[in-house]
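Take a look at the structure set out below.
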Amino acid sequence: MNRNTKKFYHGAAYYPELWSPAERVRDIQQMKELNINVVRMGEFAWSTMEPEPDMISLDFFIETMDMLHQAGISTVFCTPTPTPPVWLTHGHPERLHVNEKGERMNHGARQHICTNNGYFRERTAVIVEAIAKKLSGHPGLIAWQIDNEFKGHVSECHCDTCRDLWHVWLKKNYGNISSLNDSWGNALWSQTYQNFEQIPVPLTTPFAHNPSLSTAFRRFHREAICEFQSEQIKVIRKYSSAPITHNSNLRHYIDHNQQCKELDFASFDDYHDCDNYHGMMMNYDLWRNIKPDVPFWVMETSPSHNGCIFGYRRTHRHRYLAAEAVAAYASGAEAFCYWLWRQQHSGVEMPHGAIITSWGTPHTGYDDVKEVGRTLDKISPVLKSSRPAQADIGIIYSDMARAFFLTEPIEGLDYLELMSDWYRIVAETGFHRDLLLEDNPLDSYKVIMTPFLPYIAEQLQDKAEKFVRNGGTWIIGPLSGGRTFEHTAHTDAGLGSRLEQFAGIKTAFMFSPTNSEETGEALGIEAPLSLWSSFFELDGAEAVGKVCNGRCPGKVFLTEHSVGKGKIVMLGSMPEGETGREMLKRLIFRYTNGIDKPEVSPGTEAIPRLDSNGLFYFLVNMNGQGGSIKINGICSDLITGKKYQSGQILLEPYEYRIIRPEN
């Protein structure tokens with residue numbers, strides 16, 4: 001993968017171990033016809049590579065890579081660690097994953113083993129070294145993928161190995177047992193421990209574990225999976241300088257902020273259907289910023305529908321796939337890849353959509369994949385000479401915030417659903433936006449939002465305070481700031497004295513107004529209030545929204561405070577329903593005044609890019625209903641050369657255009 005050439009990839013996951021030589025020849029010919037120029041393979045093939053311990057042969061994969069390379073198709077090769085062969089676990093239950101109920105997994109499917117098990121780590125090193133040593137010099141190899149979808153089917157393991165490592169981790173992080181007891185407030189319910197060995201892994205209890213313990217255990221496991229990845233990377237690096245990635249998903253139980261640091265480029269898998277295109281756009285706006293200086297890959301998405309033996313989602317409408325792909329490339333993707341090339345003829349994912357059926361004929365999405373291939377040829381010159389433009393609005397996404405919500409869901413809240421809804425509200429205003437991890441710099445943004453962030457880390461607060469003093473607007477909440485690093489409540493102030501002093505407020509009450517009489521009025525609209533909320537008294541800030549009735553009429557739920565050249569805005573409660581969404585949109589417009597945005601119709605994305613001549617837009621209709629953009633002045637179409645005067649430019653369902661303003 002030579003990033004200096006800015007080559008763009010159109011690819012598919014391929015499992016040549018399942019097919020005959022004649023079928024592989026036919027597959028590769030069909031790939032060429034569809035402009036497929038990269039395949040990913042190997043992630044589930046450990047038993048093919050090593051049918052018995054130390055009997056390793058990779059000749060089959062080398063032969064397949066030779067065939068692909070001769071056809072002009074590159075390979076991303078994976079380490080096969082998500083599917084350990086049966087010889088590794090048969091007769092050794094201690095190597096298997098144990099869930100929070102104490103249930104031990106059996107061999108089958110994938111991710112059934114404990115990735116912390118010492119013997120498994122040893123065998124991983126053996127197979128990864130054999131692969132790296134044998135394949136690193138292959139001319140068709142352009143990248144490596146570590147494992148496949150870490151922690152996608154299981155969360156934290158509770159086996160004896162993990163228990164022992166957990167105790168080591170606790171000693172390292174807390175030093176002595178008194179410090180841990182104090183940090184977790186263990187005097188409550190007689191949970192005081194006398195030594196680290198007494199501390200349990202959070203198996204099921206009659207009620208619930210101390211939240212401090214549960215969240216710490218999640219941190220421990222997120223660090224452990226990064227160590228597992230790091231061990232594989234070190235082995236590969238002995239033999240290869242090709243870039244390394246891992247295909248992830250926001251639903252998986254990892255910390256992307258930490259996990260992606262050692263990777264050379266970020267990639268993700270996602271299967272939102274055509275009616276939830278906002279979900280894919282949210283992924284693009286996040287993965288673009290996980291490795292900000294390196295293009296991301298869409299490593300897996302369905303050409304038609306996803307599914308397994310338990311069910312499947314709706315099939316994409318015709319032409320949606322091309323819109324999805326154009327939006328990906330415009331947003332910063334270097335590759336757009338499908339799962340999978342040929343529909344599986346066995347196993348739990350037989351119903352999953354593919355490009356080719358299991359009997360070798362075009363599947364439902366075949367023509368759409370062909371359209372993506374043609375489209376990439378058209379837009380590649382524009383992509384190669386430009387880069388994504390940074391947004392003025394940044395929204396902080398946090399996997400550790402998700403860990404807090406997994407421990408403390410309160411009203412059954414799901415962090416990803418909360419963030420997806422917030423993202424959609426921002427997207428519906430028409431503003432371009434970036435989703436940022438907590439480590440991303442903030443300096444060049446105008447507005448930063450930190451919704452649903454129970455614990456605001458000191459490092460993030462340092463950056464955000466500097467950002468405000470230098471002229472930025474920081475919108476905090478809802479459900480932000482109410483917990484400490486150790487997943488305890490603050491004792492100096494409801495949201496912590498540092499945050500409250502900076503925001504010019506004091507928290508009077510914290511409770512949930514969901515389904516009660518509390519309503520709030522702000523920005524000329526009244527709406528019901530919901531979720532776990534903070535209600536304020538003013539200590540220098542100005543009231544923007546007040547409670548109208550219920551348990552605390554007159555208290556403030558929305559404030560604004562000027563600090564230095566900027567502002568800090570506190571949203572203590574979540575406005576609910578259609579009026580609540582309208583209130584939030586008015587809030588966004590209030591604090592984005594002066595930020596330019598194109599006037600596009602709902603369901604149409606205007607994705608900005610920059611080249612040597614300045615700013616231009618990829619316009620993509622994503623909702624399948626057609627759309628438009630209103631322009632003032634002359635614009636030119638970078639594909640057709642057509643000039644447009646002031647007025648509206650119309651788009652057909654799922655149509656795209658590339659438009660540059662000329663004044």
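Each chain in the structure tokens gets a letter, A, B and so on, in the order shown; residues start at 1 in every chain, and ligands are counted from 1 in the order they appear.
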| Can you list, as a PyMOL selection string, every protein, DNA or RNA residue that comes within 9 Å of Gln111 (chain A) when you count only C-alpha atoms, leaving out same-chain residues fewer than 3 positions away? | chain A and resi 81-84+97+108+114-115+150-154
Writing out the chosen residues with all heavy atoms as a short mmCIF file (atom, residue, chain, number, x, y, z; two decimals), in the first residue's frame:
```cif
data_model
loop_
_atom_site.label_atom_id
_atom_site.label_comp_id
_atom_site.auth_asym_id
_atom_site.auth_seq_id
_atom_site.Cartn_x
_atom_site.Cartn_y
_atom_site.Cartn_z
N THR A 81 -6.47 -15.61 14.20
CA THR A 81 -6.68 -15.85 15.63
C THR A 81 -8.12 -15.80 16.13
O THR A 81 -8.37 -16.26 17.25
CB THR A 81 -5.81 -14.89 16.45
OG1 THR A 81 -5.94 -13.55 15.92
CG2 THR A 81 -4.35 -15.30 16.36
N PRO A 82 -9.12 -15.29 15.38
CA PRO A 82 -10.49 -15.35 15.93
C PRO A 82 -11.10 -16.74 15.90
O PRO A 82 -12.11 -16.98 16.57
CB PRO A 82 -11.27 -14.39 15.05
CG PRO A 82 -10.54 -14.38 13.75
CD PRO A 82 -9.09 -14.51 14.13
N THR A 83 -10.51 -17.67 15.13
CA THR A 83 -11.07 -19.03 15.03
C THR A 83 -9.99 -20.07 15.30
O THR A 83 -9.52 -20.73 14.38
CB THR A 83 -11.69 -19.25 13.63
OG1 THR A 83 -10.71 -18.94 12.63
CG2 THR A 83 -12.92 -18.40 13.43
N PRO A 84 -9.60 -20.24 16.56
CA PRO A 84 -8.60 -21.26 16.89
C PRO A 84 -9.11 -22.65 16.54
O PRO A 84 -10.29 -22.95 16.73
CB PRO A 84 -8.43 -21.11 18.41
CG PRO A 84 -8.98 -19.76 18.74
CD PRO A 84 -10.05 -19.50 17.74
N HIS A 97 -13.34 -19.15 26.81
CA HIS A 97 -13.91 -17.91 27.35
C HIS A 97 -15.03 -18.22 28.35
O HIS A 97 -15.83 -19.14 28.14
CB HIS A 97 -14.48 -17.07 26.20
CG HIS A 97 -15.12 -15.78 26.61
ND1 HIS A 97 -14.44 -14.59 26.63
CD2 HIS A 97 -16.38 -15.51 27.04
CE1 HIS A 97 -15.26 -13.64 27.04
NE2 HIS A 97 -16.44 -14.16 27.30
N GLY A 108 -16.45 -23.72 18.65
CA GLY A 108 -17.44 -23.49 17.61
C GLY A 108 -17.62 -22.01 17.36
O GLY A 108 -17.29 -21.18 18.20
N CYS A 114 -10.22 -17.79 25.39
CA CYS A 114 -9.79 -16.61 26.15
C CYS A 114 -8.50 -16.08 25.53
O CYS A 114 -7.48 -16.79 25.48
CB CYS A 114 -9.55 -16.98 27.62
SG CYS A 114 -8.80 -15.62 28.56
N THR A 115 -8.53 -14.88 25.04
CA THR A 115 -7.35 -14.31 24.38
C THR A 115 -6.23 -13.99 25.36
O THR A 115 -5.13 -13.64 24.93
CB THR A 115 -7.73 -13.03 23.60
OG1 THR A 115 -8.43 -12.13 24.47
CG2 THR A 115 -8.63 -13.36 22.42
N PHE A 150 -12.25 -7.80 17.03
CA PHE A 150 -12.00 -8.07 18.44
C PHE A 150 -13.26 -7.86 19.28
O PHE A 150 -13.94 -6.83 19.16
CB PHE A 150 -10.94 -7.12 18.99
CG PHE A 150 -9.52 -7.47 18.65
CD1 PHE A 150 -8.61 -6.47 18.34
CD2 PHE A 150 -9.08 -8.77 18.66
CE1 PHE A 150 -7.29 -6.76 18.05
CE2 PHE A 150 -7.76 -9.09 18.36
CZ PHE A 150 -6.86 -8.08 18.05
N LYS A 151 -13.57 -8.80 20.14
CA LYS A 151 -14.64 -8.69 21.13
C LYS A 151 -15.98 -8.33 20.49
O LYS A 151 -16.77 -7.57 21.06
CB LYS A 151 -14.27 -7.68 22.21
CG LYS A 151 -13.05 -8.07 23.03
CD LYS A 151 -13.29 -9.31 23.85
CE LYS A 151 -12.11 -9.67 24.72
NZ LYS A 151 -12.34 -10.90 25.51
N GLY A 152 -16.22 -8.89 19.31
CA GLY A 152 -17.49 -8.63 18.65
C GLY A 152 -18.60 -9.57 19.08
O GLY A 152 -19.78 -9.23 19.00
N HIS A 153 -18.24 -10.76 19.55
CA HIS A 153 -19.24 -11.75 19.94
C HIS A 153 -19.22 -12.03 21.45
O HIS A 153 -20.15 -12.64 21.97
CB HIS A 153 -19.01 -13.06 19.18
CG HIS A 153 -19.17 -12.92 17.71
ND1 HIS A 153 -20.40 -13.03 17.08
CD2 HIS A 153 -18.27 -12.65 16.73
CE1 HIS A 153 -20.23 -12.84 15.78
NE2 HIS A 153 -18.96 -12.60 15.54
N VAL A 154 -18.16 -11.63 22.10
CA VAL A 154 -18.04 -11.79 23.55
C VAL A 154 -17.55 -10.48 24.13
O VAL A 154 -16.96 -9.66 23.43
CB VAL A 154 -17.07 -12.94 23.92
CG1 VAL A 154 -17.60 -14.28 23.46
CG2 VAL A 154 -15.68 -12.69 23.34
#
```
| message | Need the shell around Glu417 (chain A): protein/DNA/RNA residues with any atom at most 12 Å away, counting only C-alpha atoms. Skip same-chain ones fewer than 4 positions apart. Format as an NGL selection string? | response | :A and (250-251 or 278-279 or 282 or 402 or 405 or 409 or 412-413 or 421-424 or 452)
| Residue contacts of region 303-313 of chain A (9 Å, only C-alpha atoms) excluding same-chain residues fewer than 6 positions away, as a ChimeraX atom specification | /A:271-273,321,337-340,347-355,363-366,368-369
| message | Give me, as a list of chain:residue names, the residues of region 3-104 of chain A that a backbone DSSP run labels strand (DSSP E or B). | response |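 So, restricting region 3-104 of chain A to strand (DSSP E or B), we get A:Tyr9, A:His10, A:Gly11, A:Ala12, A:Ala13, A:Val38, A:Val39, A:Arg40, A:Met41, A:Ser74, A:Thr75, A:Val76, A:Phe77, A:Cys78, A:Leu96, A:Val98, A:Arg104.
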| Option closest in space to Gln259 (chain A), from A:Phe207, A:Trp341, A:Leu523, A:Asp399 [counting only C-alpha atoms] |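 For Gln259 (chain A), the nearest of the given residues is A:Asp399.
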| task | Can you pull out every residue within 9 Å of region 44-61 of chain A, counting only C-alpha atoms, but drop anything in the same chain fewer than 6 positions away, and send it as a ChimeraX atom specification? | result | /A:15-17,78-88,110,123,126-127,130-131,134-135,147-148
| task | Please give the complete set of residues from region 206-426 of chain A that DSSP, run on the backbone, assigns to alpha helix (DSSP H), formatted as a PyMOL selection string. | result | chain A and resi 211-237+256-259+277-290+320-331+366-384+399-407+415-426
| task | Measuring atom to atom with only C-alpha atoms, identify which of A:Asn173, A:Thr161, A:Asn116, A:Asn283 is nearest to Glu227 (chain A). | result |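 Of A:Asn173, A:Thr161, A:Asn116, A:Asn283, the one nearest Glu227 (chain A) is A:Asn116, counting only C-alpha atoms.
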| task | Tell me, as a ChimeraX atom specification, which residues lie within 6 Å of region 529-540 of chain A, counting only C-alpha atoms; anything in the same chain fewer than 4 positions away does not count. | result | /A:504-514,518-519,555-557,572-576
With C-alpha atoms retained, write the just-selected residues as a compact mmCIF listing (two decimals), in the first residue's frame.
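Listed below is the output, out-v2.txt:
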```
# COMPACT_ATOMS: atom_id res chain seq x y z
CA GLY A 504 -20.39 29.39 36.45
CA ILE A 505 -23.06 27.11 37.91
CA LYS A 506 -23.86 25.06 41.00
CA THR A 507 -25.82 21.83 40.78
CA ALA A 508 -28.89 21.99 43.01
CA PHE A 509 -30.48 18.63 42.20
CA MET A 510 -29.72 15.50 40.20
CA PHE A 511 -32.60 13.17 39.31
CA SER A 512 -34.50 11.82 36.31
CA PRO A 513 -37.55 13.78 35.13
CA THR A 514 -38.44 11.10 32.56
CA GLU A 518 -40.96 18.45 34.30
CA THR A 519 -40.88 20.58 31.20
CA LYS A 555 -34.31 25.95 38.36
CA VAL A 556 -32.07 26.17 35.30
CA PHE A 557 -31.26 23.28 32.94
CA GLY A 572 -28.24 19.55 32.23
CA SER A 573 -31.29 17.69 30.93
CA MET A 574 -32.33 16.09 27.65
CA PRO A 575 -35.31 17.72 25.90
CA GLU A 576 -37.65 14.98 24.72
```
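If you measure from each of A:Lys384, A:Arg319, A:Arg163, A:His246 to Gln145 (chain A) using only C-alpha atoms, the closest one turns out to be A:His246.
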| query | What's the 8 Å shell around Ile568 (chain A), counting only C-alpha atoms, without same-chain residues fewer than 6 positions away, as a PyMOL selection string? | reply | chain A and resi 468+473-476+503+560-562
Could you dump the residues just selected with N, CA and C atoms as a JSON list (two decimals), in the first residue's frame?
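Result written to part-v3.json:
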```
[["chain", "number", "residue", "atom", "x", "y", "z"],
["A", 468, "VAL", "N", -11.93, 27.02, 25.00],
["A", 468, "VAL", "CA", -12.92, 28.07, 25.31],
["A", 468, "VAL", "C", -12.23, 29.42, 25.47],
["A", 473, "THR", "N", -16.57, 27.48, 21.55],
["A", 473, "THR", "CA", -17.77, 27.20, 22.35],
["A", 473, "THR", "C", -17.79, 25.72, 22.69],
["A", 474, "TRP", "N", -17.91, 25.43, 23.99],
["A", 474, "TRP", "CA", -17.94, 24.05, 24.48],
["A", 474, "TRP", "C", -19.33, 23.77, 25.03],
["A", 475, "ILE", "N", -20.05, 22.86, 24.36],
["A", 475, "ILE", "CA", -21.39, 22.47, 24.80],
["A", 475, "ILE", "C", -21.27, 21.14, 25.54],
["A", 476, "ILE", "N", -21.63, 21.14, 26.83],
["A", 476, "ILE", "CA", -21.48, 19.97, 27.68],
["A", 476, "ILE", "C", -22.85, 19.40, 28.01],
["A", 503, "ALA", "N", -17.89, 26.63, 34.58],
["A", 503, "ALA", "CA", -19.16, 26.87, 33.88],
["A", 503, "ALA", "C", -20.00, 27.93, 34.56],
["A", 560, "GLU", "N", -25.32, 29.46, 29.84],
["A", 560, "GLU", "CA", -24.23, 29.96, 28.99],
["A", 560, "GLU", "C", -23.32, 30.82, 29.86],
["A", 561, "HIS", "N", -22.02, 30.64, 29.70],
["A", 561, "HIS", "CA", -21.07, 31.40, 30.51],
["A", 561, "HIS", "C", -19.89, 31.78, 29.63],
["A", 562, "SER", "N", -19.55, 33.05, 29.62],
["A", 562, "SER", "CA", -18.41, 33.54, 28.85],
["A", 562, "SER", "C", -17.14, 33.39, 29.67]]
```
| Neighbour list for Ser636 (chain A) as a PyMOL selection string, cut-off 6 Å, only C-alpha atoms, skip fewer than 3 positions in-chain | chain A and resi 642-643+659-660
| message | Could you tell me how far CA of His167 (chain A) sits from CA of Gly185 (chain A), in Å to one decimal place? | response | 18.3 Å
Tell me, counting only C-alpha atoms, for each residue of region 333-429 of chain A within 10 Å of region 455-463 of chain A, which pair of atoms is nearest and how far apart they are in Å to one decimal, in rows ordered by chain and increasing number, as CSV.
```
residue,atom,partner,partner_atom,distance
A:Ile396,CA,A:Leu460,CA,9.9
A:Ser398,CA,A:Tyr455,CA,10.0
A:Met400,CA,A:Tyr455,CA,8.6
A:Ala401,CA,A:Tyr455,CA,7.0
A:Phe404,CA,A:Tyr455,CA,8.3
```
Can I get the selection written as a compact mmCIF listing (two decimals), in the first residue's frame, with N, CA, C and O atoms?
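What landed in out_16.txt:
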```
# COMPACT_ATOMS: atom_id res chain seq x y z
N ILE A 396 -17.35 14.74 20.64
CA ILE A 396 -16.48 13.76 21.27
C ILE A 396 -17.22 12.43 21.41
O ILE A 396 -18.32 12.36 21.97
N SER A 398 -16.60 8.50 22.94
CA SER A 398 -15.74 7.87 23.94
C SER A 398 -16.17 6.43 24.21
O SER A 398 -17.28 6.20 24.69
N MET A 400 -14.82 4.73 26.53
CA MET A 400 -14.86 4.60 27.98
C MET A 400 -16.18 5.14 28.53
O MET A 400 -16.69 4.63 29.53
N ALA A 401 -16.76 6.13 27.88
CA ALA A 401 -18.11 6.55 28.25
C ALA A 401 -19.08 5.38 28.06
O ALA A 401 -19.96 5.14 28.89
N PHE A 404 -18.87 3.09 30.94
CA PHE A 404 -19.62 3.59 32.08
C PHE A 404 -21.11 3.26 31.95
O PHE A 404 -21.76 2.85 32.91
```
